[in-house]
$ cat protein_23.txt   # compact mmCIF, C-alpha atoms
# COMPACT_ATOMS: atom_id res chain seq x y z
CA MET A 1 0.00 0.00 0.00
CA ALA A 2 1.59 3.31 -1.06
CA THR A 3 1.75 5.65 1.95
CA SER A 4 3.73 8.89 2.26
CA ALA A 5 7.30 8.98 3.54
CA SER A 6 6.38 11.46 6.28
CA ALA A 7 3.88 8.97 7.72
CA SER A 8 6.80 6.71 8.65
CA LEU A 9 8.48 9.40 10.77
CA SER A 10 8.26 8.54 14.47
CA LYS A 11 5.08 9.98 15.98
CA ALA A 12 6.40 9.09 19.44
CA VAL A 13 9.42 11.35 18.95
CA LYS A 14 7.17 14.15 17.72
CA GLN A 15 4.95 13.73 20.79
CA GLN A 16 7.94 14.54 23.04
CA TYR A 17 8.05 18.02 21.53
CA MET A 18 4.28 18.51 21.39
CA GLU A 19 4.19 18.05 25.18
CA LEU A 20 6.59 20.95 25.82
CA PRO A 21 4.88 23.94 27.50
CA GLN A 22 4.20 26.89 25.19
CA GLY A 23 3.95 29.63 27.81
CA ASP A 24 1.26 32.25 27.23
CA LYS A 25 1.67 32.12 23.45
CA VAL A 26 -0.96 30.62 21.18
CA GLN A 27 -0.56 29.05 17.73
CA ALA A 28 -3.28 30.03 15.26
CA MET A 29 -3.47 28.04 12.04
CA TYR A 30 -5.10 30.12 9.32
CA VAL A 31 -6.96 27.99 6.74
CA TRP A 32 -8.26 29.17 3.36
CA ILE A 33 -9.69 27.91 0.05
CA ASP A 34 -7.25 28.22 -2.85
CA GLY A 35 -7.83 29.18 -6.48
CA THR A 36 -9.11 25.74 -7.48
CA GLY A 37 -12.24 26.24 -5.35
CA GLU A 38 -11.67 22.86 -3.72
CA GLY A 39 -8.09 22.80 -2.39
CA LEU A 40 -7.25 24.05 1.09
CA ARG A 41 -4.11 25.86 2.27
CA CYS A 42 -2.90 26.74 5.76
CA LYS A 43 -0.17 28.52 7.67
CA THR A 44 0.44 29.33 11.32
CA ARG A 45 1.23 32.45 13.31
CA THR A 46 1.90 33.08 16.99
CA LEU A 47 -0.50 35.18 19.04
CA ASP A 48 0.37 36.73 22.43
CA ALA A 49 -2.84 35.55 24.10
CA GLU A 50 -5.71 33.17 23.47
CA PRO A 51 -8.26 34.81 21.15
CA LYS A 52 -11.78 34.77 22.57
CA SER A 53 -13.58 35.84 19.40
CA ILE A 54 -12.99 36.48 15.69
CA GLU A 55 -12.38 40.15 16.49
CA ASP A 56 -9.23 39.18 18.43
CA LEU A 57 -7.64 37.64 15.33
CA PRO A 58 -5.44 39.82 13.12
CA GLU A 59 -5.79 40.00 9.35
CA TRP A 60 -2.92 38.31 7.51
CA ASN A 61 -1.65 37.95 3.96
CA PHE A 62 -0.07 35.37 1.65
CA ASP A 63 1.41 34.91 -1.82
CA GLY A 64 -1.54 34.32 -4.15
CA SER A 65 0.68 33.52 -7.14
CA SER A 66 1.50 30.19 -5.46
CA THR A 67 -2.15 29.23 -4.78
CA TYR A 68 -3.61 29.86 -8.28
CA GLN A 69 -5.09 33.14 -7.00
CA SER A 70 -3.00 35.94 -8.53
CA GLU A 71 -0.03 36.66 -10.80
CA GLY A 72 3.47 37.18 -9.42
CA SER A 73 3.69 40.90 -10.19
CA ASN A 74 0.84 41.70 -7.78
CA SER A 75 0.56 38.65 -5.60
CA ASP A 76 -0.40 39.81 -2.10
CA MET A 77 -3.78 38.46 -0.97
CA TYR A 78 -5.47 39.12 2.37
CA LEU A 79 -6.74 36.57 4.87
CA MET A 80 -9.81 37.76 6.79
CA PRO A 81 -10.59 35.56 9.83
CA SER A 82 -14.21 34.37 9.56
CA ALA A 83 -14.70 31.42 11.92
CA MET A 84 -12.63 30.01 14.77
CA PHE A 85 -12.38 26.43 16.06
CA ARG A 86 -10.28 24.59 18.65
CA ASP A 87 -7.19 22.95 17.14
CA PRO A 88 -7.41 19.15 17.59
CA PHE A 89 -3.80 18.64 16.41
CA ARG A 90 -2.03 21.10 18.72
CA LYS A 91 -4.87 21.11 21.28
CA ASP A 92 -5.99 23.99 23.55
CA PRO A 93 -5.39 26.89 23.68
CA ASN A 94 -4.39 26.73 19.98
CA LYS A 95 -6.87 27.55 17.21
CA LEU A 96 -7.92 26.76 13.67
CA VAL A 97 -9.00 29.93 11.88
CA LEU A 98 -11.08 29.68 8.70
CA CYS A 99 -10.47 32.74 6.52
CA GLU A 100 -12.01 34.53 3.59
CA VAL A 101 -9.59 35.57 0.84
CA MET A 102 -9.54 39.14 -0.47
CA LYS A 103 -7.54 40.46 -3.43
CA TYR A 104 -5.05 43.35 -3.32
CA ASN A 105 -7.96 45.77 -3.92
CA ARG A 106 -9.99 44.30 -1.03
CA LYS A 107 -12.50 42.68 -3.38
CA PRO A 108 -13.31 38.97 -2.81
CA ALA A 109 -11.13 36.44 -4.63
CA GLU A 110 -12.90 34.49 -7.38
CA THR A 111 -13.23 31.37 -5.20
CA ASN A 112 -14.40 33.33 -2.14
CA LEU A 113 -18.08 32.39 -2.33
CA ARG A 114 -18.52 33.09 1.38
CA VAL A 115 -19.06 36.82 0.83
CA THR A 116 -22.16 36.39 -1.34
CA CYS A 117 -23.35 33.41 0.73
CA LYS A 118 -23.27 35.51 3.91
CA LYS A 119 -25.13 38.35 2.17
CA VAL A 120 -27.85 35.97 0.97
CA MET A 121 -28.15 34.23 4.37
CA ASP A 122 -28.49 37.59 6.14
CA MET A 123 -31.52 38.36 3.95
CA VAL A 124 -33.45 35.31 5.21
CA THR A 125 -32.51 35.04 8.90
CA ASP A 126 -36.20 35.27 9.88
CA GLN A 127 -36.85 32.00 7.98
CA HIS A 128 -34.14 30.11 9.91
CA PRO A 129 -32.73 28.00 7.06
CA TRP A 130 -31.21 24.77 8.33
CA PHE A 131 -28.81 22.58 6.34
CA GLY A 132 -27.25 19.18 6.82
CA MET A 133 -24.63 17.98 4.34
CA GLU A 134 -23.55 14.37 3.79
CA GLN A 135 -19.91 14.43 2.73
CA GLU A 136 -18.76 11.33 0.85
CA TYR A 137 -15.05 10.74 0.21
CA THR A 138 -12.64 8.00 -0.85
CA ILE A 139 -9.41 7.04 0.92
CA LEU A 140 -6.56 6.64 -1.58
CA GLY A 141 -2.93 5.63 -1.29
CA THR A 142 -0.37 8.22 -2.38
CA ASP A 143 -0.32 6.45 -5.77
CA GLY A 144 -4.01 7.29 -6.29
CA HIS A 145 -5.11 3.66 -5.81
CA PRO A 146 -8.08 3.14 -3.43
CA PHE A 147 -6.92 2.16 0.05
CA GLY A 148 -7.04 -1.58 0.68
CA TRP A 149 -7.83 -2.54 -2.93
CA PRO A 150 -5.64 -5.26 -4.44
CA SER A 151 -2.72 -3.62 -6.25
CA ASN A 152 -3.44 -5.23 -9.61
CA GLY A 153 -7.18 -5.81 -9.51
CA PHE A 154 -10.48 -5.02 -7.87
CA PRO A 155 -12.21 -6.06 -4.66
CA GLY A 156 -15.45 -8.07 -4.80
CA PRO A 157 -18.47 -6.23 -6.25
CA GLN A 158 -20.48 -3.68 -4.25
CA GLY A 159 -22.98 -5.06 -1.78
CA PRO A 160 -21.28 -5.97 1.53
CA TYR A 161 -19.45 -2.67 2.13
CA TYR A 162 -22.17 -0.09 2.94
CA CYS A 163 -22.21 0.28 6.75
CA GLY A 164 -20.08 -2.86 6.73
CA VAL A 165 -18.03 -4.27 9.61
CA GLY A 166 -15.02 -6.58 9.40
CA ALA A 167 -11.55 -6.36 7.89
CA ASP A 168 -12.78 -7.61 4.51
CA LYS A 169 -15.54 -4.97 4.33
CA ALA A 170 -14.40 -1.78 6.10
CA TYR A 171 -11.20 -0.28 4.65
CA GLY A 172 -9.55 2.42 6.78
CA ARG A 173 -11.86 2.83 9.77
CA ASP A 174 -9.02 4.27 11.92
CA ILE A 175 -9.11 7.41 9.77
CA VAL A 176 -12.87 7.76 10.20
CA GLU A 177 -12.69 7.38 13.98
CA ALA A 178 -9.77 9.82 14.32
CA HIS A 179 -11.53 12.38 12.12
CA TYR A 180 -14.83 12.07 14.03
CA ARG A 181 -13.19 12.68 17.41
CA ALA A 182 -11.04 15.52 16.06
CA CYS A 183 -14.16 17.25 14.68
CA LEU A 184 -15.99 16.92 18.01
CA TYR A 185 -12.96 18.38 19.81
CA ALA A 186 -12.72 21.27 17.35
CA GLY A 187 -16.39 22.21 17.80
CA VAL A 188 -17.46 21.15 14.31
CA ASN A 189 -21.13 20.18 14.25
CA ILE A 190 -20.47 16.66 12.93
CA CYS A 191 -23.48 14.42 13.47
CA GLY A 192 -22.53 10.99 12.12
CA THR A 193 -20.43 8.73 9.91
CA ASN A 194 -20.85 5.51 7.94
CA ALA A 195 -19.01 3.28 5.48
CA GLU A 196 -20.28 3.81 1.93
CA VAL A 197 -21.23 1.53 -0.98
CA MET A 198 -17.79 1.37 -2.63
CA PRO A 199 -14.97 -0.14 -0.52
CA ALA A 200 -12.61 2.57 0.86
CA GLN A 201 -15.45 5.10 0.46
CA TRP A 202 -16.88 6.71 3.59
CA GLU A 203 -19.26 9.49 4.56
CA PHE A 204 -19.57 11.94 7.42
CA GLN A 205 -22.50 14.25 8.02
CA VAL A 206 -22.38 17.83 9.31
CA GLY A 207 -25.46 19.63 10.63
CA PRO A 208 -28.01 20.79 11.32
CA CYS A 209 -26.33 24.16 10.78
CA GLU A 210 -28.13 27.46 10.30
CA GLY A 211 -27.16 29.85 7.50
CA ILE A 212 -23.47 30.55 6.92
CA ASP A 213 -22.41 28.04 9.61
CA MET A 214 -23.03 25.19 7.16
CA GLY A 215 -20.22 26.24 4.85
CA ASP A 216 -17.88 27.13 7.71
CA HIS A 217 -18.32 23.80 9.51
CA LEU A 218 -18.08 21.63 6.39
CA TRP A 219 -14.90 23.32 5.14
CA VAL A 220 -13.24 22.92 8.55
CA ALA A 221 -14.36 19.26 8.72
CA ARG A 222 -12.73 18.73 5.30
CA PHE A 223 -9.54 20.43 6.45
CA ILE A 224 -9.39 18.19 9.54
CA LEU A 225 -9.91 15.12 7.34
CA HIS A 226 -7.00 16.10 5.08
CA ARG A 227 -4.78 16.63 8.13
CA VAL A 228 -5.77 13.30 9.71
CA CYS A 229 -5.08 11.50 6.43
CA GLU A 230 -1.70 13.26 6.21
CA ASP A 231 -0.78 11.80 9.61
CA PHE A 232 -1.71 8.31 8.38
CA GLY A 233 0.13 8.82 5.08
CA VAL A 234 -2.92 8.46 2.85
CA VAL A 235 -5.08 10.84 0.81
CA ALA A 236 -8.75 11.83 1.13
CA SER A 237 -10.29 12.35 -2.31
CA PHE A 238 -13.52 14.28 -2.90
CA ASP A 239 -13.51 13.36 -6.59
CA PRO A 240 -17.15 12.68 -7.57
CA LYS A 241 -16.22 9.56 -9.58
CA PRO A 242 -12.81 8.33 -8.44
CA ILE A 243 -13.13 4.89 -10.08
CA PRO A 244 -14.86 4.63 -13.47
CA GLY A 245 -17.15 1.69 -14.17
CA ASN A 246 -19.56 -0.17 -11.91
CA TRP A 247 -18.66 1.66 -8.70
CA ASN A 248 -20.61 4.34 -6.86
CA GLY A 249 -19.51 7.95 -7.20
CA ALA A 250 -19.22 10.43 -4.32
CA GLY A 251 -21.71 13.19 -3.63
CA CYS A 252 -22.54 15.72 -0.96
CA HIS A 253 -26.29 15.32 -0.49
CA THR A 254 -27.71 18.50 1.00
CA ASN A 255 -30.69 18.48 3.34
CA PHE A 256 -32.58 21.75 3.60
CA SER A 257 -35.51 23.15 5.56
CA THR A 258 -36.95 26.44 6.75
CA LYS A 259 -38.99 27.25 9.85
CA GLU A 260 -42.14 27.05 7.71
CA MET A 261 -41.23 23.60 6.34
CA ARG A 262 -40.58 22.25 9.83
CA GLU A 263 -43.97 23.39 11.17
CA ASP A 264 -47.33 21.61 10.73
CA GLY A 265 -48.40 21.59 7.09
CA GLY A 266 -44.83 22.39 5.98
CA LEU A 267 -45.06 19.89 3.11
CA LYS A 268 -46.74 22.63 1.04
CA ALA A 269 -43.66 24.87 1.39
CA ILE A 270 -41.42 21.89 0.53
CA GLU A 271 -43.41 21.18 -2.64
CA ASP A 272 -43.37 24.87 -3.61
CA SER A 273 -39.55 24.90 -3.27
CA ILE A 274 -39.19 21.74 -5.35
CA GLU A 275 -41.30 23.31 -8.10
CA LYS A 276 -39.00 26.36 -8.15
CA LEU A 277 -35.90 24.11 -8.22
CA GLY A 278 -37.32 22.21 -11.19
CA LYS A 279 -37.40 25.42 -13.24
CA ARG A 280 -33.76 26.22 -12.45
CA HIS A 281 -31.98 22.89 -12.87
CA ARG A 282 -29.19 24.22 -15.12
CA TYR A 283 -28.24 26.97 -12.68
CA HIS A 284 -28.01 24.48 -9.80
CA ILE A 285 -25.93 21.97 -11.77
CA ARG A 286 -23.46 24.79 -12.52
CA ALA A 287 -23.31 25.75 -8.82
CA TYR A 288 -22.93 22.19 -7.53
CA ASP A 289 -19.32 21.44 -8.45
CA PRO A 290 -16.20 23.61 -8.88
CA LYS A 291 -16.03 23.02 -12.64
CA GLY A 292 -19.52 24.27 -13.50
CA GLY A 293 -21.05 20.79 -13.81
CA LEU A 294 -18.23 19.00 -15.64
CA ASP A 295 -17.15 17.01 -12.56
CA ASN A 296 -20.71 15.99 -11.78
CA ALA A 297 -21.31 14.81 -15.36
CA ARG A 298 -19.11 11.80 -14.58
CA ARG A 299 -21.24 10.99 -11.52
CA LEU A 300 -24.86 11.93 -12.36
CA THR A 301 -25.53 9.24 -14.94
CA GLY A 302 -28.87 7.90 -13.72
CA HIS A 303 -27.07 4.81 -12.35
CA HIS A 304 -25.50 4.00 -8.96
CA GLU A 305 -28.17 5.83 -6.91
CA THR A 306 -27.99 9.05 -8.95
CA SER A 307 -30.33 11.02 -11.18
CA SER A 308 -29.40 12.04 -14.72
CA ILE A 309 -27.58 15.39 -14.93
CA HIS A 310 -29.83 16.34 -17.88
CA GLU A 311 -33.20 15.91 -16.13
CA PHE A 312 -34.81 17.19 -12.95
CA SER A 313 -36.85 14.73 -10.88
CA ALA A 314 -38.31 14.49 -7.39
CA GLY A 315 -39.90 11.70 -5.38
CA VAL A 316 -40.62 10.30 -1.94
CA ALA A 317 -37.83 7.95 -0.75
CA ASN A 318 -36.42 7.82 -4.31
CA ARG A 319 -32.62 7.69 -4.35
CA GLY A 320 -32.58 7.92 -8.14
CA ALA A 321 -34.18 11.38 -8.10
CA SER A 322 -32.64 14.88 -8.08
CA ILE A 323 -34.67 15.71 -4.96
CA ARG A 324 -35.72 13.11 -2.39
CA ILE A 325 -38.49 13.71 0.11
CA PRO A 326 -37.85 11.32 3.03
CA ARG A 327 -40.64 8.81 3.68
CA SER A 328 -41.25 10.21 7.19
CA VAL A 329 -41.68 13.73 5.81
CA GLY A 330 -44.31 12.50 3.35
CA GLN A 331 -46.19 10.90 6.27
CA GLU A 332 -45.87 13.74 8.80
CA LYS A 333 -46.49 16.42 6.12
CA LYS A 334 -43.57 18.52 7.42
CA GLY A 335 -39.79 18.45 7.72
CA TYR A 336 -37.12 18.83 5.05
CA PHE A 337 -36.00 17.67 1.61
CA GLU A 338 -32.71 16.33 0.26
CA ASP A 339 -31.00 17.69 -2.86
CA ARG A 340 -28.94 14.75 -4.13
CA ARG A 341 -27.21 16.63 -6.95
CA PRO A 342 -24.24 18.37 -5.24
CA SER A 343 -20.89 16.74 -5.99
CA ALA A 344 -18.52 15.58 -3.23
CA ASN A 345 -16.13 18.41 -4.17
CA CYS A 346 -18.81 21.12 -4.20
CA ASP A 347 -18.35 24.40 -2.36
CA PRO A 348 -20.97 24.38 0.42
CA TYR A 349 -21.16 28.18 0.28
CA GLY A 350 -22.17 27.88 -3.39
CA VAL A 351 -24.67 25.07 -2.77
CA THR A 352 -26.42 26.60 0.25
CA GLN A 353 -26.73 30.04 -1.31
CA ALA A 354 -28.11 28.54 -4.53
CA LEU A 355 -30.88 26.84 -2.52
CA ILE A 356 -31.72 30.09 -0.71
CA ARG A 357 -31.68 32.14 -3.92
CA THR A 358 -34.09 29.80 -5.73
CA CYS A 359 -36.35 28.63 -2.88
CA LEU A 360 -36.58 31.74 -0.68
CA LEU A 361 -35.53 34.73 -2.79
CA ASN A 362 -37.51 33.43 -5.81
CA GLU A 363 -34.69 34.03 -8.29
CA GLU A 364 -35.22 32.70 -11.81
CA GLY A 365 -33.02 32.08 -14.84
CA ASP A 366 -29.48 30.83 -15.25
CA GLU A 367 -27.66 33.68 -13.48
CA PRO A 368 -27.64 34.62 -9.77
CA THR A 369 -28.95 38.07 -8.83
CA ASP A 370 -26.44 40.60 -7.52
CA TYR A 371 -27.63 42.13 -4.23

$ encode --input "protein_23.txt" --output "structure tokens"
Amino acid sequence: MATSASASLSKAVKQQYMELPQGDKVQAMYVWIDGTGEGLRCKTRTLDAEPKSIEDLPEWNFDGSSTYQSEGSNSDMYLMPSAMFRDPFRKDPNKLVLCEVMKYNRKPAETNLRVTCKKVMDMVTDQHPWFGMEQEYTILGTDGHPFGWPSNGFPGPQGPYYCGVGADKAYGRDIVEAHYRACLYAGVNICGTNAEVMPAQWEFQVGPCEGIDMGDHLWVARFILHRVCEDFGVVASFDPKPIPGNWNGAGCHTNFSTKEMREDGGLKAIEDSIEKLGKRHRYHIRAYDPKGGLDNARRLTGHHETSSIHEFSAGVANRGASIRIPRSVGQEKKGYFEDRRPSANCDPYGVTQALIRTCLLNEEGDEPTDY
């Protein structure tokens, strides 16, 4: 199994140093989304005291020409602290700081979708939009081969792996357990995990989160997963179709509700939203992966528990539909619905704001409105 060279460095030796006292100083790891819209970057600075809120964290900068975010002749980009979490790797009082990226002229970078997401969420606070996102991913060796798969072949066909237990069914559970506990420590609103349909594929769920918190918590959960995998010497892939052929792809199913949908008779509001979504399918497909729908085209084939990328569909308990209404919601006539179209490598800020724009702000057409 191809694992990274750094994974074989002695963790026991490292632990000796990690136990040294750090005085009153605090390490703050600033995390941001790079120019690909799916990669994450990070760097650390020392603070003189433990920050108690976002306001206590200084702005910072970095070289955008090395992150696909600017050209070398004018490469300074600004990091604006946006959300703060406990650091599960260095432990208290150290912090993880999720940042927005601004260009030299203080305008948002192209992949900074948080700015517009926050604006849109602030317009609908009275409707209390809740989200829950189901993040699927695949564990790969450093050679890009799925973890635990035979080096020159394939494992047995899909069937025994989903929520499976046993060494021949669950590939890489240590990573899942470490990630889960690290997220709980950090303060990420992680609410569950399970093994997925393809061997070496897993899922964790984050939510319910209100408004902008959904994007913040999912991005930090992804960052923690990448860091955990780094320690184990493997790679977490959010590619929506890592293995071509008769294997399930990876999505990021998004569950959505408003106060009205959660109250008695809320099914009417759910059905109204689904009708609006049906008229704006192309816009949503563009917003649901970082390549404007090209990544998802490999996944949304109408097979392997997906809908076709070319058609909009909705149904109760139907996992082959664009939108699924859970069976219990159909019976209780209130609750939430699940949009099954977002790709595993989607930007949650893009997905959640698209849902708000169409369902609550009644936008129409293929372009988002500028507020």

$ closest_residue --input "protein_23.txt" --among "A:Trp149, A:Trp130, A:Tyr137, A:Trp60" --to "A:Asp239" --atoms "all atoms listed in the file"
A:Tyr137

$ residues_around --input "protein_23.txt" --residues "A:Leu98" --least-positions-apart "5" --cutoff "7 Å" --atoms "all atoms listed in the file" --output "PDB file with C-alpha atoms, keeping the file's coordinate frame"
ATOM      1  CA  TYR A  30      -5.100  30.120   9.320  1.00  0.00           C
ATOM      2  CA  VAL A  31      -6.960  27.990   6.740  1.00  0.00           C
ATOM      3  CA  TRP A  32      -8.260  29.170   3.360  1.00  0.00           C
ATOM      4  CA  PRO A  81     -10.590  35.560   9.830  1.00  0.00           C
ATOM      5  CA  SER A  82     -14.210  34.370   9.560  1.00  0.00           C
ATOM      6  CA  ALA A  83     -14.700  31.420  11.920  1.00  0.00           C
ATOM      7  CA  MET A  84     -12.630  30.010  14.770  1.00  0.00           C
TER       8      MET A  84
END

$ atom_distance --input "protein_23.txt" --atom1 "atom CA of A:Ala200" --atom2 "atom CA of A:Trp219"
21.3 Å

$ closest_residue --input "protein_23.txt" --among "A:Thr254, A:Gln15, A:Asn246, A:Gln135" --to "A:Ala195" --atoms "all atoms listed in the file"
A:Gln135

$ closest_residue --input "protein_23.txt" --among "A:Val13, A:Ile325, A:Ala7, A:Ile270" --to "A:Thr142" --atoms "all atoms listed in the file"
A:Ala7

$ closest_residue --input "protein_23.txt" --among "A:Asp56, A:Leu355, A:Leu40, A:Pro208" --to "A:Leu225" --atoms "all atoms listed in the file"
A:Leu40

$ closest_atom_pairs --input "protein_23.txt" --of "stretch 49-72 of chain A" --to "stretch 104-122 of chain A" --cutoff "10 Å" --atoms "all atoms listed in the file" --output "CSV"
residue,atom,partner,partner_atom,distance
A:Asn61,CA,A:Tyr104,CA,9.7
A:Gly64,CA,A:Tyr104,CA,9.7
A:Gln69,CA,A:Ala109,CA,7.3
A:Ser70,CA,A:Ala109,CA,9.0

$ axis_aligned_box --input "protein_23.txt" --around "stretch 298-308 of chain A" --padding-each-side "4 Å" --output "JSON"
{"center_x": -24.7, "center_y": 8.0, "center_z": -10.9, "size_x": 19.2, "size_y": 16.0, "size_z": 16.0}

$ atom_distance --input "protein_23.txt" --atom1 "atom CA of A:Ile224" --atom2 "atom CA of A:His179"
6.7 Å

$ residues_around --input "protein_23.txt" --residues "stretch 327-341 of chain A" --least-positions-apart "6" --cutoff "7 Å" --atoms "all atoms listed in the file" --output "JSON, numbers by chain"
{"A": [253, 254, 255, 256, 257, 261, 262, 263, 264, 265, 266, 267, 270, 316, 317]}

$ atom_distance --input "protein_23.txt" --atom1 "atom CA of A:Lys95" --atom2 "atom CA of A:Ala28"
4.8 Å

$ residues_around --input "protein_23.txt" --residues "A:Asp295" --least-positions-apart "6" --cutoff "8 Å" --atoms "only C-alpha atoms" --output "VMD selection string"
chain A and resid 239 to 240 289 343

$ closest_residue --input "protein_23.txt" --among "A:Phe85, A:Met102, A:Met214, A:Pro146" --to "A:Thr352" --atoms "only C-alpha atoms"
A:Met214

$ closest_residue --input "protein_23.txt" --among "A:Val234, A:Leu277, A:Ala314, A:Val197" --to "A:Ala2" --atoms "all atoms listed in the file"
A:Val234

$ residues_around --input "protein_23.txt" --residues "A:Lys241" --least-positions-apart "4" --cutoff "7 Å" --atoms "only C-alpha atoms" --output "PyMOL selection string"
chain A and resi 249-250+298-299

$ residues_around --input "protein_23.txt" --residues "A:Ile139" --least-positions-apart "5" --cutoff "10 Å" --atoms "all atoms listed in the file" --output "MDAnalysis selection string"
chainID A and resid 144:148 171:172 175:176 199:202 229 234:238
